[in-house]
Amino acid sequence: MKVTRILRAKRPNKGKVAALREQARRLGQVRSDVWQRFGSLHGVGLSDRQIRDAWLSEGRVFPVSANAWKETLRDAKGDITATMEAAKVKARRCILRHTQDKSEQKRLFTALKGNAWVHDPYLRRVMRKHWKHGHNHTHNQIIVRSDNYTTFQLGGRAWIKIPGLVRGQRIAIPLHTIVEPTGTLRIIIKDDDRLEVHYAIEAEVKQDCGGRTIGVDKGYSEVLVDSDGEHHGQTLGPVLSEKSDRLKAKYQRRSKLRALANRHRNPRKRQHIRQFNLGRKKLNRQMDKTHAQIRDIVFQSVHKVVDKAAVIAAEDLTAPMASKSFGKNINRRLASWTKGVIAEALDSVSS
């Protein structure tokens, strides 16, 4: 199975970070253009190769290398396709509620699986409800093809060389490990100038699962409760509650500062507040740490269940609990509940 590995850069200098950030900003414009043009019905049935060939025939010019914008186009079109497929999952449930006629269900499912749904009024209406036109908010990523970078060892660590904005010049990035990445790379430039290198590998299954059939119930105070009555990941609830309450207090204080900056008469004072009191570098770093802690708790809990189960029955929690209201504080805490991480862990670990 495919898993993602994350490598981090070892103290990259400011010049390299600035060059990578400028390249990512320009590629973000390409990504925004793809989402704007092909993030709805206009993109159905079109592959990234077809869009690329059309742009080349039009003579379009981008302020980045050809390989860079082509890989960004491929990645953005893949994201658009993924959102469309996610909407189709909800559309299938609508079809099952819409009609009980097996032949009609088969016709609608077949049209939905391909691209024929764009010509069916009912399916278009359902897909328009669940598949909203997306917009790009990613301006800090660079996709590097596997044959477009080199790796080497120097000073007891691995290095990668990726293309920059200047033709013929490459940017060397030192990594915090001796492991050299392979395949397509995703370079992510964080707000605090940290660099992450993401790549996918084929993971080997090294541990056998159990032999029983076990049902699990996903919770908030703990990750899972299995049919044996055993609770897994009981530290999840306190972590989520503490994070939610801390963010509430922080955002309340930030709102007061933002209001003060908006109504202050001195423009220098307004700029000073926005620059030094309303930044997100420290906040993003803290949230990354919390998200990593939550994923660690969730995956450890799922591993314990899979160790004793060959078949796991879990409830489907993709539908929102619209009819439930538990008060302002509880609703806020539940909104941060990481159902998606638990579902991802069950799928990934069991595979």
# chains A, B, ... in the order shown; residues from 1 in each chain; ligands from 1
call {"tool": "residues_around", "arguments": {"residues": "A:Val17", "least_positions_apart": "5", "cutoff": "12 Å", "atoms": "only C-alpha atoms", "output": "JSON, numbers by chain"}}
result
{"A": [9, 10, 11, 12, 22, 23, 24, 140, 164, 171, 172, 173, 187, 188, 189, 190, 191, 192, 193, 194, 195, 196]}
call {"tool": "select_by_dssp", "arguments": {"residues": "stretch 123-225 of chain A", "states": "alpha helix (DSSP H)", "output": "list in words"}}
result
Leu123, Arg124, Arg125, Val126, Met127, Arg128, Lys129 and His130 of chain A
call {"tool": "write_last_selection", "arguments": {"atoms": "all heavy atoms", "output": "PDB file, in the first residue's frame"}}
result
ATOM      1  N   LEU A 123     -29.463  13.958 -12.036  1.00  0.00           N
ATOM      2  CA  LEU A 123     -28.095  13.791 -11.553  1.00  0.00           C
ATOM      3  C   LEU A 123     -27.344  15.121 -11.528  1.00  0.00           C
ATOM      4  O   LEU A 123     -26.536  15.364 -10.629  1.00  0.00           O
ATOM      5  CB  LEU A 123     -27.352  12.776 -12.423  1.00  0.00           C
ATOM      6  CG  LEU A 123     -27.820  11.320 -12.296  1.00  0.00           C
ATOM      7  CD1 LEU A 123     -27.031  10.417 -13.230  1.00  0.00           C
ATOM      8  CD2 LEU A 123     -27.684  10.829 -10.849  1.00  0.00           C
ATOM      9  N   ARG A 124     -27.613  15.980 -12.505  1.00  0.00           N
ATOM     10  CA  ARG A 124     -26.975  17.299 -12.486  1.00  0.00           C
ATOM     11  C   ARG A 124     -27.400  18.087 -11.247  1.00  0.00           C
ATOM     12  O   ARG A 124     -26.596  18.768 -10.617  1.00  0.00           O
ATOM     13  CB  ARG A 124     -27.346  18.083 -13.758  1.00  0.00           C
ATOM     14  CG  ARG A 124     -26.566  17.683 -14.994  1.00  0.00           C
ATOM     15  CD  ARG A 124     -27.117  18.387 -16.210  1.00  0.00           C
ATOM     16  NE  ARG A 124     -26.951  19.831 -16.114  1.00  0.00           N
ATOM     17  CZ  ARG A 124     -25.947  20.506 -16.684  1.00  0.00           C
ATOM     18  NH1 ARG A 124     -25.032  19.855 -17.376  1.00  0.00           N
ATOM     19  NH2 ARG A 124     -25.869  21.806 -16.570  1.00  0.00           N
ATOM     20  N   ARG A 125     -28.684  17.986 -10.907  1.00  0.00           N
ATOM     21  CA  ARG A 125     -29.194  18.707  -9.740  1.00  0.00           C
ATOM     22  C   ARG A 125     -28.557  18.163  -8.454  1.00  0.00           C
ATOM     23  O   ARG A 125     -28.166  18.927  -7.572  1.00  0.00           O
ATOM     24  CB  ARG A 125     -30.719  18.578  -9.690  1.00  0.00           C
ATOM     25  CG  ARG A 125     -31.354  19.426  -8.592  1.00  0.00           C
ATOM     26  CD  ARG A 125     -32.847  19.511  -8.788  1.00  0.00           C
ATOM     27  NE  ARG A 125     -33.504  18.229  -8.604  1.00  0.00           N
ATOM     28  CZ  ARG A 125     -34.030  17.507  -9.583  1.00  0.00           C
ATOM     29  NH1 ARG A 125     -33.979  17.947 -10.839  1.00  0.00           N
ATOM     30  NH2 ARG A 125     -34.618  16.351  -9.343  1.00  0.00           N
ATOM     31  N   VAL A 126     -28.441  16.828  -8.364  1.00  0.00           N
ATOM     32  CA  VAL A 126     -27.845  16.227  -7.167  1.00  0.00           C
ATOM     33  C   VAL A 126     -26.364  16.581  -7.059  1.00  0.00           C
ATOM     34  O   VAL A 126     -25.864  16.935  -5.989  1.00  0.00           O
ATOM     35  CB  VAL A 126     -28.041  14.701  -7.198  1.00  0.00           C
ATOM     36  CG1 VAL A 126     -27.253  14.038  -6.067  1.00  0.00           C
ATOM     37  CG2 VAL A 126     -29.516  14.350  -7.074  1.00  0.00           C
ATOM     38  N   MET A 127     -25.655  16.488  -8.176  1.00  0.00           N
ATOM     39  CA  MET A 127     -24.222  16.789  -8.152  1.00  0.00           C
ATOM     40  C   MET A 127     -23.973  18.274  -7.887  1.00  0.00           C
ATOM     41  O   MET A 127     -23.003  18.638  -7.227  1.00  0.00           O
ATOM     42  CB  MET A 127     -23.573  16.369  -9.465  1.00  0.00           C
ATOM     43  CG  MET A 127     -23.406  14.872  -9.625  1.00  0.00           C
ATOM     44  SD  MET A 127     -22.277  14.160  -8.405  1.00  0.00           S
ATOM     45  CE  MET A 127     -20.708  14.830  -8.963  1.00  0.00           C
ATOM     46  N   ARG A 128     -24.849  19.139  -8.388  1.00  0.00           N
ATOM     47  CA  ARG A 128     -24.689  20.563  -8.121  1.00  0.00           C
ATOM     48  C   ARG A 128     -24.853  20.855  -6.630  1.00  0.00           C
ATOM     49  O   ARG A 128     -24.246  21.792  -6.084  1.00  0.00           O
ATOM     50  CB  ARG A 128     -25.697  21.362  -8.947  1.00  0.00           C
ATOM     51  CG  ARG A 128     -25.475  22.869  -8.881  1.00  0.00           C
ATOM     52  CD  ARG A 128     -26.238  23.600  -9.963  1.00  0.00           C
ATOM     53  NE  ARG A 128     -27.660  23.379  -9.872  1.00  0.00           N
ATOM     54  CZ  ARG A 128     -28.386  22.703 -10.772  1.00  0.00           C
ATOM     55  NH1 ARG A 128     -27.795  22.179 -11.836  1.00  0.00           N
ATOM     56  NH2 ARG A 128     -29.687  22.549 -10.628  1.00  0.00           N
ATOM     57  N   LYS A 129     -25.660  20.054  -5.959  1.00  0.00           N
ATOM     58  CA  LYS A 129     -25.873  20.230  -4.530  1.00  0.00           C
ATOM     59  C   LYS A 129     -24.648  19.809  -3.721  1.00  0.00           C
ATOM     60  O   LYS A 129     -24.278  20.473  -2.732  1.00  0.00           O
ATOM     61  CB  LYS A 129     -27.106  19.431  -4.090  1.00  0.00           C
ATOM     62  CG  LYS A 129     -27.374  19.470  -2.597  1.00  0.00           C
ATOM     63  CD  LYS A 129     -28.579  18.614  -2.244  1.00  0.00           C
ATOM     64  CE  LYS A 129     -28.811  18.606  -0.729  1.00  0.00           C
ATOM     65  NZ  LYS A 129     -29.966  17.748  -0.351  1.00  0.00           N
ATOM     66  N   HIS A 130     -24.014  18.713  -4.120  1.00  0.00           N
ATOM     67  CA  HIS A 130     -22.924  18.141  -3.328  1.00  0.00           C
ATOM     68  C   HIS A 130     -21.537  18.468  -3.872  1.00  0.00           C
ATOM     69  O   HIS A 130     -20.544  18.260  -3.166  1.00  0.00           O
ATOM     70  CB  HIS A 130     -23.084  16.618  -3.246  1.00  0.00           C
ATOM     71  CG  HIS A 130     -24.322  16.180  -2.532  1.00  0.00           C
ATOM     72  ND1 HIS A 130     -24.510  16.361  -1.173  1.00  0.00           N
ATOM     73  CD2 HIS A 130     -25.446  15.574  -2.997  1.00  0.00           C
ATOM     74  CE1 HIS A 130     -25.690  15.877  -0.836  1.00  0.00           C
ATOM     75  NE2 HIS A 130     -26.282  15.402  -1.907  1.00  0.00           N
TER      76      HIS A 130
END
call {"tool": "residues_around", "arguments": {"residues": "A:Gln234", "least_positions_apart": "3", "cutoff": "8 Å", "atoms": "only C-alpha atoms", "output": "ChimeraX atom specification"}}
result
/A:221-223,231,237
call {"tool": "write_last_selection", "arguments": {"atoms": "all heavy atoms", "output": "tab-separated table (two decimals), in the first residue's frame"}}
result
chain	number	residue	atom	x	y	z
A	221	SER	N	-14.63	11.21	23.87
A	221	SER	CA	-13.77	11.11	25.06
A	221	SER	C	-12.67	10.08	24.86
A	221	SER	O	-11.62	10.16	25.52
A	221	SER	CB	-14.61	10.75	26.29
A	221	SER	OG	-15.31	9.54	26.07
A	222	GLU	N	-12.87	9.10	23.97
A	222	GLU	CA	-11.84	8.16	23.60
A	222	GLU	C	-11.93	7.92	22.10
A	222	GLU	O	-12.93	8.28	21.47
A	222	GLU	CB	-11.96	6.83	24.35
A	222	GLU	CG	-13.24	6.06	24.07
A	222	GLU	CD	-14.42	6.59	24.85
A	222	GLU	OE1	-14.26	6.85	26.05
A	222	GLU	OE2	-15.50	6.76	24.23
A	223	VAL	N	-10.91	7.32	21.51
A	223	VAL	CA	-10.92	7.10	20.06
A	223	VAL	C	-11.93	6.03	19.69
A	223	VAL	O	-12.81	6.25	18.86
A	223	VAL	CB	-9.50	6.71	19.57
A	223	VAL	CG1	-9.52	6.45	18.06
A	223	VAL	CG2	-8.51	7.80	19.90
A	231	HIS	N	-11.66	0.27	26.07
A	231	HIS	CA	-11.56	1.65	25.60
A	231	HIS	C	-10.14	1.90	25.09
A	231	HIS	O	-9.16	1.55	25.75
A	231	HIS	CB	-11.88	2.63	26.73
A	231	HIS	CG	-13.29	2.56	27.19
A	231	HIS	ND1	-14.18	3.62	27.08
A	231	HIS	CD2	-14.02	1.55	27.75
A	231	HIS	CE1	-15.36	3.27	27.56
A	231	HIS	NE2	-15.28	2.02	27.98
A	237	GLY	N	-10.11	12.81	24.24
A	237	GLY	CA	-11.08	13.81	24.67
A	237	GLY	C	-10.43	15.00	25.36
A	237	GLY	O	-10.70	16.16	25.01
call {"tool": "residues_around", "arguments": {"residues": "stretch 107-112 of chain A", "least_positions_apart": "6", "cutoff": "9 Å", "atoms": "only C-alpha atoms", "output": "PyMOL selection string"}}
result
chain A and resi 88+91-92+95+118-120+123
call {"tool": "write_last_selection", "arguments": {"atoms": "N, CA and C atoms", "output": "JSON list (two decimals), in the first residue's frame"}}
result
[["chain", "number", "residue", "atom", "x", "y", "z"],
["A", 88, "LYS", "N", -19.79, 12.14, -5.59],
["A", 88, "LYS", "CA", -20.54, 11.01, -6.15],
["A", 88, "LYS", "C", -20.96, 10.02, -5.07],
["A", 91, "ALA", "N", -24.02, 11.38, -3.80],
["A", 91, "ALA", "CA", -25.06, 11.29, -4.83],
["A", 91, "ALA", "C", -25.64, 9.88, -4.89],
["A", 92, "ARG", "N", -24.82, 8.86, -4.66],
["A", 92, "ARG", "CA", -25.33, 7.48, -4.69],
["A", 92, "ARG", "C", -26.35, 7.26, -3.59],
["A", 95, "ILE", "N", -29.58, 8.67, -4.75],
["A", 95, "ILE", "CA", -30.24, 7.81, -5.73],
["A", 95, "ILE", "C", -31.01, 6.71, -5.02],
["A", 118, "VAL", "N", -23.77, 14.42, -16.63],
["A", 118, "VAL", "CA", -23.92, 15.83, -16.97],
["A", 118, "VAL", "C", -25.12, 16.07, -17.90],
["A", 119, "HIS", "N", -25.64, 15.00, -18.53],
["A", 119, "HIS", "CA", -26.77, 15.14, -19.44],
["A", 119, "HIS", "C", -28.09, 14.72, -18.80],
["A", 120, "ASP", "N", -28.05, 14.26, -17.54],
["A", 120, "ASP", "CA", -29.26, 13.84, -16.84],
["A", 120, "ASP", "C", -29.68, 14.96, -15.89],
["A", 123, "LEU", "N", -29.46, 13.96, -12.04],
["A", 123, "LEU", "CA", -28.09, 13.79, -11.55],
["A", 123, "LEU", "C", -27.34, 15.12, -11.53]]
call {"tool": "closest_residue", "arguments": {"among": "A:Ile6, A:Val349, A:Val225, A:Ala158", "to": "A:Glu204", "atoms": "only C-alpha atoms"}}
result
A:Val349
call {"tool": "residues_around", "arguments": {"residues": "A:Ile330", "least_positions_apart": "6", "cutoff": "12 Å", "atoms": "only C-alpha atoms", "output": "ChimeraX atom specification"}}
result
/A:220,237,240-241,244-245,324,336-337
call {"tool": "closest_residue", "arguments": {"among": "A:Arg49, A:Arg60, A:Lys132, A:Lys304", "to": "A:Met84", "atoms": "only C-alpha atoms"}}
result
A:Lys132
call {"tool": "select_by_dssp", "arguments": {"residues": "stretch 88-302 of chain A", "states": "strand (DSSP E or B)", "output": "ChimeraX atom specification"}}
result
/A:141-144,150-154,157-163,170-175,185-189,195-202,212-218,224-226,231-232
call {"tool": "residues_around", "arguments": {"residues": "A:Val30", "least_positions_apart": "3", "cutoff": "10 Å", "atoms": "only C-alpha atoms", "output": "ChimeraX atom specification"}}
result
/A:24-27,33-36,62-64,68-70,72-73,76,136,139
call {"tool": "write_last_selection", "arguments": {"atoms": "N, CA and C atoms", "output": "compact mmCIF listing (two decimals), in the first residue's frame"}}
result
# COMPACT_ATOMS: atom_id res chain seq x y z
N ALA A 24 6.68 29.01 -5.54
CA ALA A 24 5.41 28.45 -5.09
C ALA A 24 4.27 29.44 -5.31
N ARG A 25 4.55 30.73 -5.12
CA ARG A 25 3.50 31.75 -5.34
C ARG A 25 3.08 31.77 -6.81
N ARG A 26 4.02 31.70 -7.72
CA ARG A 26 3.68 31.69 -9.14
C ARG A 26 2.93 30.42 -9.53
N LEU A 27 3.36 29.30 -8.96
CA LEU A 27 2.64 28.05 -9.24
C LEU A 27 1.25 28.07 -8.62
N ASP A 33 -5.84 29.16 -11.51
CA ASP A 33 -6.41 29.21 -12.86
C ASP A 33 -7.07 27.88 -13.20
N VAL A 34 -6.43 26.78 -12.83
CA VAL A 34 -7.00 25.45 -13.10
C VAL A 34 -8.32 25.27 -12.36
N TRP A 35 -8.34 25.64 -11.08
CA TRP A 35 -9.56 25.50 -10.30
C TRP A 35 -10.67 26.40 -10.84
N GLN A 36 -10.32 27.63 -11.26
CA GLN A 36 -11.33 28.56 -11.75
C GLN A 36 -11.93 28.08 -13.05
N PHE A 62 3.92 30.78 -18.97
CA PHE A 62 3.87 30.92 -17.52
C PHE A 62 5.24 31.35 -17.01
N PRO A 63 5.29 32.13 -15.92
CA PRO A 63 6.57 32.62 -15.39
C PRO A 63 7.33 31.58 -14.58
N VAL A 64 7.19 30.30 -14.93
CA VAL A 64 7.92 29.20 -14.28
C VAL A 64 8.35 28.23 -15.37
N ALA A 68 7.42 22.52 -14.18
CA ALA A 68 6.79 22.95 -12.92
C ALA A 68 5.29 23.19 -13.12
N TRP A 69 4.91 23.96 -14.16
CA TRP A 69 3.48 24.25 -14.30
C TRP A 69 2.70 23.02 -14.78
N LYS A 70 3.35 22.13 -15.55
CA LYS A 70 2.66 20.91 -15.98
C LYS A 70 2.36 20.00 -14.79
N THR A 72 2.06 21.00 -11.67
CA THR A 72 1.04 21.69 -10.87
C THR A 72 -0.34 21.50 -11.47
N LEU A 73 -0.43 21.57 -12.80
CA LEU A 73 -1.69 21.32 -13.48
C LEU A 73 -2.19 19.91 -13.20
N ALA A 76 -3.41 19.72 -9.50
CA ALA A 76 -4.66 20.44 -9.28
C ALA A 76 -5.84 19.70 -9.91
N ASN A 136 -8.91 27.71 -5.20
CA ASN A 136 -7.58 27.37 -4.69
C ASN A 136 -7.16 28.30 -3.57
N HIS A 139 -0.82 28.25 -2.03
CA HIS A 139 0.21 29.04 -2.71
C HIS A 139 1.59 28.79 -2.11
call {"tool": "closest_residue", "arguments": {"among": "A:Val302, A:Ala82, A:Leu334, A:Ile297", "to": "A:Cys209", "atoms": "only C-alpha atoms"}}
result
A:Val302
call {"tool": "residues_around", "arguments": {"residues": "A:Val341", "least_positions_apart": "6", "cutoff": "9 Å", "atoms": "only C-alpha atoms", "output": "ChimeraX atom specification"}}
result
/A:294-295,298-299
call {"tool": "write_last_selection", "arguments": {"atoms": "all heavy atoms", "output": "PDB file, in the first residue's frame"}}
result
ATOM      1  N   ILE A 294      -2.738  14.335  17.960  1.00  0.00           N
ATOM      2  CA  ILE A 294      -4.026  13.661  17.768  1.00  0.00           C
ATOM      3  C   ILE A 294      -3.865  12.450  16.853  1.00  0.00           C
ATOM      4  O   ILE A 294      -4.388  11.362  17.130  1.00  0.00           O
ATOM      5  CB  ILE A 294      -5.059  14.652  17.206  1.00  0.00           C
ATOM      6  CG1 ILE A 294      -5.414  15.709  18.258  1.00  0.00           C
ATOM      7  CG2 ILE A 294      -6.317  13.923  16.744  1.00  0.00           C
ATOM      8  CD1 ILE A 294      -6.274  16.825  17.733  1.00  0.00           C
ATOM      9  N   ARG A 295      -3.135  12.610  15.742  1.00  0.00           N
ATOM     10  CA  ARG A 295      -2.917  11.487  14.831  1.00  0.00           C
ATOM     11  C   ARG A 295      -2.175  10.350  15.536  1.00  0.00           C
ATOM     12  O   ARG A 295      -2.466   9.179  15.309  1.00  0.00           O
ATOM     13  CB  ARG A 295      -2.124  11.945  13.610  1.00  0.00           C
ATOM     14  CG  ARG A 295      -2.908  12.818  12.648  1.00  0.00           C
ATOM     15  CD  ARG A 295      -2.055  13.201  11.455  1.00  0.00           C
ATOM     16  NE  ARG A 295      -1.695  12.030  10.664  1.00  0.00           N
ATOM     17  CZ  ARG A 295      -2.449  11.522   9.699  1.00  0.00           C
ATOM     18  NH1 ARG A 295      -3.611  12.086   9.403  1.00  0.00           N
ATOM     19  NH2 ARG A 295      -2.064  10.469   9.023  1.00  0.00           N
ATOM     20  N   VAL A 298      -4.695   8.495  17.727  1.00  0.00           N
ATOM     21  CA  VAL A 298      -5.664   7.753  16.928  1.00  0.00           C
ATOM     22  C   VAL A 298      -5.026   6.508  16.319  1.00  0.00           C
ATOM     23  O   VAL A 298      -5.581   5.392  16.402  1.00  0.00           O
ATOM     24  CB  VAL A 298      -6.252   8.655  15.832  1.00  0.00           C
ATOM     25  CG1 VAL A 298      -7.058   7.833  14.835  1.00  0.00           C
ATOM     26  CG2 VAL A 298      -7.136   9.739  16.455  1.00  0.00           C
ATOM     27  N   PHE A 299      -3.869   6.639  15.719  1.00  0.00           N
ATOM     28  CA  PHE A 299      -3.250   5.498  15.042  1.00  0.00           C
ATOM     29  C   PHE A 299      -2.801   4.434  16.039  1.00  0.00           C
ATOM     30  O   PHE A 299      -2.897   3.234  15.754  1.00  0.00           O
ATOM     31  CB  PHE A 299      -2.083   5.979  14.177  1.00  0.00           C
ATOM     32  CG  PHE A 299      -2.482   6.385  12.787  1.00  0.00           C
ATOM     33  CD1 PHE A 299      -3.026   7.637  12.561  1.00  0.00           C
ATOM     34  CD2 PHE A 299      -2.354   5.516  11.719  1.00  0.00           C
ATOM     35  CE1 PHE A 299      -3.403   8.025  11.288  1.00  0.00           C
ATOM     36  CE2 PHE A 299      -2.740   5.890  10.440  1.00  0.00           C
ATOM     37  CZ  PHE A 299      -3.265   7.148  10.221  1.00  0.00           C
TER      38      PHE A 299
END
call {"tool": "atom_distance", "arguments": {"atom1": "atom CA of A:Lys14", "atom2": "atom CA of A:Lys161"}}
result
16.4 Å
call {"tool": "atom_distance", "arguments": {"atom1": "atom CA of A:His133", "atom2": "atom CA of A:Ile80"}}
result
9.3 Å
call {"tool": "closest_residue", "arguments": {"among": "A:Leu46, A:Val179, A:Ile342, A:Val144", "to": "A:Arg157", "atoms": "only C-alpha atoms"}}
result
A:Val179
call {"tool": "closest_residue", "arguments": {"among": "A:Leu41, A:Ala203, A:Val311, A:Ile214", "to": "A:Gly134", "atoms": "only C-alpha atoms"}}
result
A:Leu41
call {"tool": "closest_residue", "arguments": {"among": "A:Ala66, A:Leu278, A:Ala261, A:Leu247", "to": "A:Arg332", "atoms": "only C-alpha atoms"}}
result
A:Leu247
